[in-house]
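Dumped query-v4.txt below, it's compact mmCIF, C-alpha atoms:
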```
# COMPACT_ATOMS: atom_id res chain seq x y z
CA MET A 244 -152.01 -81.62 54.96
CA THR A 245 -149.27 -81.14 52.42
CA ARG A 246 -150.27 -80.95 48.83
CA ARG A 247 -148.01 -82.80 46.48
CA VAL A 248 -147.37 -81.38 43.02
CA THR A 249 -146.89 -83.98 40.32
CA PHE A 250 -146.09 -83.54 36.68
CA LYS A 251 -147.97 -85.56 34.20
CA PRO A 252 -145.80 -87.11 31.48
CA ARG A 253 -147.51 -84.95 28.88
CA CYS A 254 -146.64 -81.73 30.73
CA LEU A 255 -143.06 -82.87 31.13
CA ILE A 256 -142.78 -83.61 27.40
CA VAL A 257 -144.25 -80.18 26.54
CA LEU A 258 -141.76 -78.55 28.90
CA ILE A 259 -138.85 -80.46 27.34
CA GLY A 260 -140.06 -79.48 23.86
CA ALA A 261 -140.28 -75.82 24.86
CA VAL A 262 -136.78 -75.87 26.37
CA VAL A 263 -135.32 -77.54 23.26
CA THR A 264 -137.13 -75.13 20.93
CA GLY A 265 -136.03 -72.17 23.04
CA SER A 266 -132.42 -73.31 23.01
CA SER A 267 -132.39 -72.96 19.22
CA TRP A 268 -132.73 -69.21 19.86
CA PHE A 269 -129.36 -69.24 21.66
CA VAL A 270 -127.74 -70.92 18.66
CA ALA A 271 -129.35 -68.51 16.19
CA ASN A 272 -128.12 -65.57 18.29
CA SER A 273 -124.71 -66.97 19.17
CA ASP A 274 -122.95 -63.64 18.54
CA GLN A 275 -124.51 -62.55 21.84
CA PHE A 276 -123.64 -65.83 23.59
CA PRO A 277 -120.05 -66.83 22.63
CA PHE A 278 -120.13 -70.00 24.76
CA VAL A 279 -122.44 -71.45 22.10
CA TYR A 280 -119.57 -71.53 19.57
CA ALA A 281 -117.66 -74.12 21.60
CA VAL A 282 -120.71 -76.39 21.59
CA VAL A 283 -122.01 -75.86 18.05
CA SER A 284 -118.72 -75.55 16.20
CA PRO A 285 -115.60 -76.44 18.21
CA ALA A 286 -113.47 -75.97 15.07
CA TYR A 287 -114.64 -72.36 14.82
CA ALA A 288 -113.88 -71.73 18.49
CA ARG A 289 -110.35 -73.13 18.00
CA ALA A 290 -109.81 -71.19 14.74
CA PHE A 291 -110.96 -67.95 16.33
CA ALA A 292 -108.62 -68.51 19.30
CA GLY A 293 -105.75 -68.98 16.84
CA PHE A 294 -106.78 -65.89 14.87
CA SER A 295 -106.84 -63.87 18.10
CA GLN A 296 -103.18 -64.75 18.68
CA LEU A 297 -102.33 -63.46 15.20
CA ASN A 298 -104.37 -60.29 15.51
CA SER A 299 -101.45 -58.18 16.74
CA GLU A 300 -98.10 -57.25 15.24
CA GLY A 301 -95.61 -59.88 16.24
CA GLY A 302 -98.38 -62.36 17.03
CA VAL A 303 -97.24 -65.97 16.61
CA LEU A 304 -99.22 -69.16 16.16
CA ALA A 305 -97.11 -72.31 16.23
CA GLN A 306 -97.81 -75.93 15.46
CA GLY A 307 -99.54 -77.63 18.41
CA GLU A 308 -101.23 -74.45 19.69
CA LYS A 309 -105.01 -74.09 19.87
CA GLY A 310 -106.40 -73.15 16.46
CA PHE A 311 -103.18 -73.71 14.55
CA ASN A 312 -104.50 -76.51 12.33
CA GLU A 313 -107.64 -74.58 11.38
CA VAL A 314 -105.82 -71.31 10.60
CA ALA A 315 -102.96 -73.13 8.82
CA HIS A 316 -105.52 -74.85 6.59
CA LEU A 317 -106.80 -71.46 5.39
CA VAL A 318 -103.33 -69.92 5.06
CA GLU A 319 -102.13 -72.98 3.15
CA GLN A 320 -104.68 -72.21 0.41
CA ASP A 321 -103.08 -68.78 -0.17
CA PHE A 322 -99.42 -69.73 0.12
CA THR A 323 -98.70 -73.24 -1.05
CA GLY A 324 -100.45 -73.67 -4.39
CA GLU A 325 -99.56 -77.03 -5.89
CA VAL A 326 -96.56 -77.64 -3.62
CA GLU A 327 -97.04 -80.05 -0.72
CA VAL A 328 -95.69 -78.35 2.40
CA LEU A 329 -96.11 -78.51 6.14
CA ILE A 330 -96.67 -75.19 7.90
CA THR A 331 -94.91 -75.07 11.27
CA LYS A 332 -95.46 -71.46 12.36
CA ILE A 333 -97.43 -68.37 11.34
CA GLU A 334 -96.28 -64.88 12.39
CA THR A 335 -98.04 -61.56 11.91
CA ILE A 336 -95.80 -58.84 10.51
CA SER A 337 -98.54 -56.22 10.18
CA PHE A 338 -102.28 -55.98 9.71
CA GLY A 339 -104.91 -53.43 8.81
CA GLU A 340 -107.29 -52.52 6.01
CA THR A 341 -106.68 -51.95 2.33
CA LEU A 342 -108.85 -51.34 -0.71
CA ALA A 343 -109.54 -54.39 -2.83
CA ASP A 344 -111.55 -55.06 -5.95
CA VAL A 345 -114.66 -56.99 -4.91
CA PRO A 346 -117.71 -57.84 -7.06
CA THR A 347 -119.41 -54.60 -6.01
CA GLY A 348 -116.34 -52.44 -6.77
CA LEU A 349 -113.54 -51.18 -4.52
CA ALA A 350 -114.13 -51.83 -0.84
CA PRO A 351 -112.03 -51.85 2.34
CA VAL A 352 -110.92 -55.35 3.32
CA GLU A 353 -108.96 -56.63 6.30
CA PHE A 354 -105.46 -57.97 5.60
CA HIS A 355 -102.73 -59.64 7.61
CA GLU A 356 -99.17 -59.57 6.31
CA ILE A 357 -97.75 -62.81 7.64
CA ARG A 358 -94.60 -64.90 7.54
CA VAL A 359 -95.24 -68.62 7.19
CA SER A 360 -92.52 -71.01 8.35
CA LEU A 361 -92.48 -74.27 6.41
CA SER A 362 -90.92 -77.60 7.37
CA ASN A 363 -89.08 -78.19 4.10
CA HIS A 364 -88.79 -74.71 2.50
CA PRO A 365 -87.60 -71.26 3.52
CA PRO A 366 -90.22 -68.99 5.16
CA VAL A 367 -92.71 -67.27 2.85
CA THR A 368 -94.15 -63.79 3.39
CA GLY A 369 -97.39 -62.46 1.95
CA ASN A 370 -100.85 -61.06 2.62
CA VAL A 371 -103.91 -62.97 3.70
CA ILE A 372 -107.14 -61.12 2.97
CA ASN A 373 -110.27 -61.31 5.14
CA ILE A 374 -109.07 -64.22 7.27
CA LYS A 375 -111.63 -63.49 10.01
CA ALA A 376 -114.51 -63.69 7.52
CA ARG A 377 -112.99 -66.80 5.95
CA ILE A 378 -112.78 -68.48 9.36
CA ARG A 379 -116.44 -67.67 9.97
CA ASP A 380 -117.51 -68.89 6.51
CA THR A 381 -115.44 -72.08 6.68
CA TYR A 382 -116.04 -73.21 10.24
CA LEU A 383 -119.20 -71.53 11.51
CA ASN A 384 -121.98 -70.33 9.21
CA LYS A 385 -123.15 -73.73 7.93
CA ASN A 386 -122.91 -75.30 11.38
CA LEU A 387 -124.93 -72.52 13.02
CA PHE A 388 -127.81 -72.68 10.59
CA ARG A 389 -127.92 -76.47 10.53
CA THR A 390 -127.70 -76.85 14.30
CA SER A 391 -130.23 -74.11 14.99
CA SER A 392 -132.67 -75.67 12.52
CA ILE A 393 -132.24 -79.18 13.90
CA ILE A 394 -132.75 -78.03 17.49
CA PHE A 395 -135.76 -75.89 16.59
CA TRP A 396 -137.53 -78.62 14.62
CA ALA A 397 -136.71 -81.30 17.19
CA GLY A 398 -138.24 -79.15 19.92
CA LEU A 399 -141.29 -78.43 17.81
CA ILE A 400 -141.79 -82.12 17.00
CA VAL A 401 -141.51 -83.07 20.68
CA THR A 402 -144.06 -80.39 21.57
CA VAL A 403 -146.47 -81.57 18.85
CA ILE A 404 -146.06 -85.19 19.93
CA ALA A 405 -146.91 -84.18 23.49
CA GLY A 406 -150.06 -82.49 22.21
CA VAL A 407 -151.13 -85.66 20.38
CA ILE A 408 -150.51 -88.00 23.34
```
Structure translated into structure tokens:
Amino acid sequence: MTRRVTFKPRCLIVLIGAVVTGSSWFVANSDQFPFVYAVVSPAYARAFAGFSQLNSEGGVLAQGEKGFNEVAHLVEQDFTGEVEVLITKIETISFGETLADVPTGLAPVEFHEIRVSLSNHPPVTGNVINIKARIRDTYLNKNLFRTSSIIFWAGLIVTVIAGVI
């Protein structure tokens, strides 16, 4: 005689709660699981892809390419000021580290010397400091914490509800 295994609804709900709660761990540790970025913060994944194209001398990121809008938004803050312009292309001339005055004193910071092509002005050249950190701060950090918290608490609530039923 074959024995049939059946799940009671309560066990299934506890299992779902545990899986949801456990998945918050993947979000909280997304540096180890890069696929999480595309789910939690697609804008960060796009921005990082664009940054990767610029992270070599001669690297070019043009309008319409993955991550262009996100990176151009950050570059625009450094280059355009009060003038309304449309960035059409970003090119890396050089990159490296330099010393900069930060709140704790002088510290090494990452820089990219870039040329920005504009739709209605001649190209502009200048340095962008800490763009990788700015991408992370702008597009990722808040989303990671919020998403991880929501998933964790949702899983915990489902598990508690299953215990009450």
### Query
How many Å lie between CA of Ser267 (chain A) and CA of Arg377 (chain A), rounded to one decimal?
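Here the two named atoms are 24.3 Å from each other.
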Can you build me a table of region 359-378 of chain A residues sitting at most 12 Å from region 298-309 of chain A, with the closest atom pair per residue and its distance in Å to one decimal, using only C-alpha atoms, sorted by chain and residue number, as JSON lines?
```
{"residue": "A:Val359", "atom": "CA", "partner": "A:Leu304", "partner_atom": "CA", "distance": 9.8}
{"residue": "A:Ser360", "atom": "CA", "partner": "A:Ala305", "partner_atom": "CA", "distance": 9.2}
{"residue": "A:Leu361", "atom": "CA", "partner": "A:Gln306", "partner_atom": "CA", "distance": 10.6}
{"residue": "A:Ser362", "atom": "CA", "partner": "A:Gln306", "partner_atom": "CA", "distance": 10.8}
{"residue": "A:Asn373", "atom": "CA", "partner": "A:Asn298", "partner_atom": "CA", "distance": 12.0}
{"residue": "A:Ile374", "atom": "CA", "partner": "A:Asn298", "partner_atom": "CA", "distance": 10.3}
{"residue": "A:Lys375", "atom": "CA", "partner": "A:Asn298", "partner_atom": "CA", "distance": 9.7}
```
### Query
Taking into account only C-alpha atoms, which residue in the set A:Ala261, A:Pro366, A:Asn386, A:Ile256 is nearest to Pro285 (chain A)?
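Counting only C-alpha atoms, the residue closest to Pro285 (chain A) is A:Asn386.
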### Message
Please report the interatomic distance between CA of Ser266 (chain A) and CA of Tyr287 (chain A) in Å with one decimal.
### Response
19.6 Å
### Query
Suppose you want the space between CA of Pro365 (chain A) and CA of Gln320 (chain A); what is it in Å?
17.4 Å
### Query
Of the residues A:Leu317, A:Leu387, A:Ile394, A:Ile400, which is the one nearest to Asn272 (chain A), using all atoms listed in the file?
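Using all atoms listed in the file, Asn272 (chain A) sits closest to A:Leu387.
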5 Å per side around region 256-262 of chain A: axis-aligned box centre and edge lengths, as AutoDock Vina command-line options:
```
--center_x -140.5 --center_y -79.7 --center_z 26.4 --size_x 17.5 --size_y 17.8 --size_z 15.0
```
### Message
Env of Val279 (chain A): 12 Å cut, atoms = only C-alpha atoms, seq-sep filter 2 positions within chain, self excluded. Answer as a PyMOL selection string.
### Response
chain A and resi 266-277+281-285+287-288+383+386-387+390-391
Could the residues in this selection be saved with C-alpha atoms as a compact mmCIF listing (two decimals), keeping the file's coordinate frame?
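So part_12.txt came out as:
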```txt
# COMPACT_ATOMS: atom_id res chain seq x y z
CA SER A 266 -132.42 -73.31 23.01
CA SER A 267 -132.39 -72.96 19.22
CA TRP A 268 -132.73 -69.21 19.86
CA PHE A 269 -129.36 -69.24 21.66
CA VAL A 270 -127.74 -70.92 18.66
CA ALA A 271 -129.35 -68.51 16.19
CA ASN A 272 -128.12 -65.57 18.29
CA SER A 273 -124.71 -66.97 19.17
CA ASP A 274 -122.95 -63.64 18.54
CA GLN A 275 -124.51 -62.55 21.84
CA PHE A 276 -123.64 -65.83 23.59
CA PRO A 277 -120.05 -66.83 22.63
CA ALA A 281 -117.66 -74.12 21.60
CA VAL A 282 -120.71 -76.39 21.59
CA VAL A 283 -122.01 -75.86 18.05
CA SER A 284 -118.72 -75.55 16.20
CA PRO A 285 -115.60 -76.44 18.21
CA TYR A 287 -114.64 -72.36 14.82
CA ALA A 288 -113.88 -71.73 18.49
CA LEU A 383 -119.20 -71.53 11.51
CA ASN A 386 -122.91 -75.30 11.38
CA LEU A 387 -124.93 -72.52 13.02
CA THR A 390 -127.70 -76.85 14.30
CA SER A 391 -130.23 -74.11 14.99
```
Can you give me N, CA and C atoms for region 296-312 of chain A, written as a PDB file, keeping the file's coordinate frame?
```
ATOM      1  N   GLN A 296    -104.620 -64.823  18.425  1.00  0.00           N
ATOM      2  CA  GLN A 296    -103.180 -64.750  18.680  1.00  0.00           C
ATOM      3  C   GLN A 296    -102.465 -64.004  17.559  1.00  0.00           C
ATOM      4  N   LEU A 297    -102.970 -64.106  16.347  1.00  0.00           N
ATOM      5  CA  LEU A 297    -102.330 -63.460  15.200  1.00  0.00           C
ATOM      6  C   LEU A 297    -102.793 -62.023  15.006  1.00  0.00           C
ATOM      7  N   ASN A 298    -103.769 -61.593  15.747  1.00  0.00           N
ATOM      8  CA  ASN A 298    -104.370 -60.290  15.510  1.00  0.00           C
ATOM      9  C   ASN A 298    -103.626 -59.156  16.208  1.00  0.00           C
ATOM     10  N   SER A 299    -102.310 -59.259  16.253  1.00  0.00           N
ATOM     11  CA  SER A 299    -101.450 -58.180  16.740  1.00  0.00           C
ATOM     12  C   SER A 299    -100.106 -58.314  16.045  1.00  0.00           C
ATOM     13  N   GLU A 300     -99.421 -57.184  15.870  1.00  0.00           N
ATOM     14  CA  GLU A 300     -98.100 -57.250  15.240  1.00  0.00           C
ATOM     15  C   GLU A 300     -97.186 -58.074  16.122  1.00  0.00           C
ATOM     16  N   GLY A 301     -96.479 -58.990  15.497  1.00  0.00           N
ATOM     17  CA  GLY A 301     -95.610 -59.880  16.240  1.00  0.00           C
ATOM     18  C   GLY A 301     -96.325 -61.094  16.809  1.00  0.00           C
ATOM     19  N   GLY A 302     -97.621 -61.211  16.552  1.00  0.00           N
ATOM     20  CA  GLY A 302     -98.380 -62.360  17.030  1.00  0.00           C
ATOM     21  C   GLY A 302     -97.896 -63.639  16.349  1.00  0.00           C
ATOM     22  N   VAL A 303     -97.758 -64.701  17.120  1.00  0.00           N
ATOM     23  CA  VAL A 303     -97.240 -65.970  16.610  1.00  0.00           C
ATOM     24  C   VAL A 303     -98.212 -67.089  16.942  1.00  0.00           C
ATOM     25  N   LEU A 304     -98.417 -67.952  15.964  1.00  0.00           N
ATOM     26  CA  LEU A 304     -99.220 -69.160  16.160  1.00  0.00           C
ATOM     27  C   LEU A 304     -98.378 -70.323  15.660  1.00  0.00           C
ATOM     28  N   ALA A 305     -98.011 -71.211  16.571  1.00  0.00           N
ATOM     29  CA  ALA A 305     -97.110 -72.310  16.230  1.00  0.00           C
ATOM     30  C   ALA A 305     -97.845 -73.644  16.244  1.00  0.00           C
ATOM     31  N   GLN A 306     -97.251 -74.590  15.544  1.00  0.00           N
ATOM     32  CA  GLN A 306     -97.810 -75.930  15.460  1.00  0.00           C
ATOM     33  C   GLN A 306     -98.036 -76.469  16.876  1.00  0.00           C
ATOM     34  N   GLY A 307     -99.205 -77.076  17.102  1.00  0.00           N
ATOM     35  CA  GLY A 307     -99.540 -77.630  18.410  1.00  0.00           C
ATOM     36  C   GLY A 307    -100.369 -76.696  19.270  1.00  0.00           C
ATOM     37  N   GLU A 308    -100.431 -75.399  18.909  1.00  0.00           N
ATOM     38  CA  GLU A 308    -101.230 -74.450  19.690  1.00  0.00           C
ATOM     39  C   GLU A 308    -102.692 -74.498  19.246  1.00  0.00           C
ATOM     40  N   LYS A 309    -103.568 -74.081  20.141  1.00  0.00           N
ATOM     41  CA  LYS A 309    -105.010 -74.090  19.870  1.00  0.00           C
ATOM     42  C   LYS A 309    -105.315 -73.241  18.633  1.00  0.00           C
ATOM     43  N   GLY A 310    -105.991 -73.840  17.672  1.00  0.00           N
ATOM     44  CA  GLY A 310    -106.400 -73.150  16.460  1.00  0.00           C
ATOM     45  C   GLY A 310    -105.396 -73.176  15.330  1.00  0.00           C
ATOM     46  N   PHE A 311    -104.213 -73.708  15.594  1.00  0.00           N
ATOM     47  CA  PHE A 311    -103.180 -73.710  14.550  1.00  0.00           C
ATOM     48  C   PHE A 311    -103.623 -74.487  13.311  1.00  0.00           C
ATOM     49  N   ASN A 312    -104.126 -75.686  13.489  1.00  0.00           N
ATOM     50  CA  ASN A 312    -104.500 -76.510  12.330  1.00  0.00           C
ATOM     51  C   ASN A 312    -105.565 -75.834  11.474  1.00  0.00           C
TER      52      ASN A 312
END
```
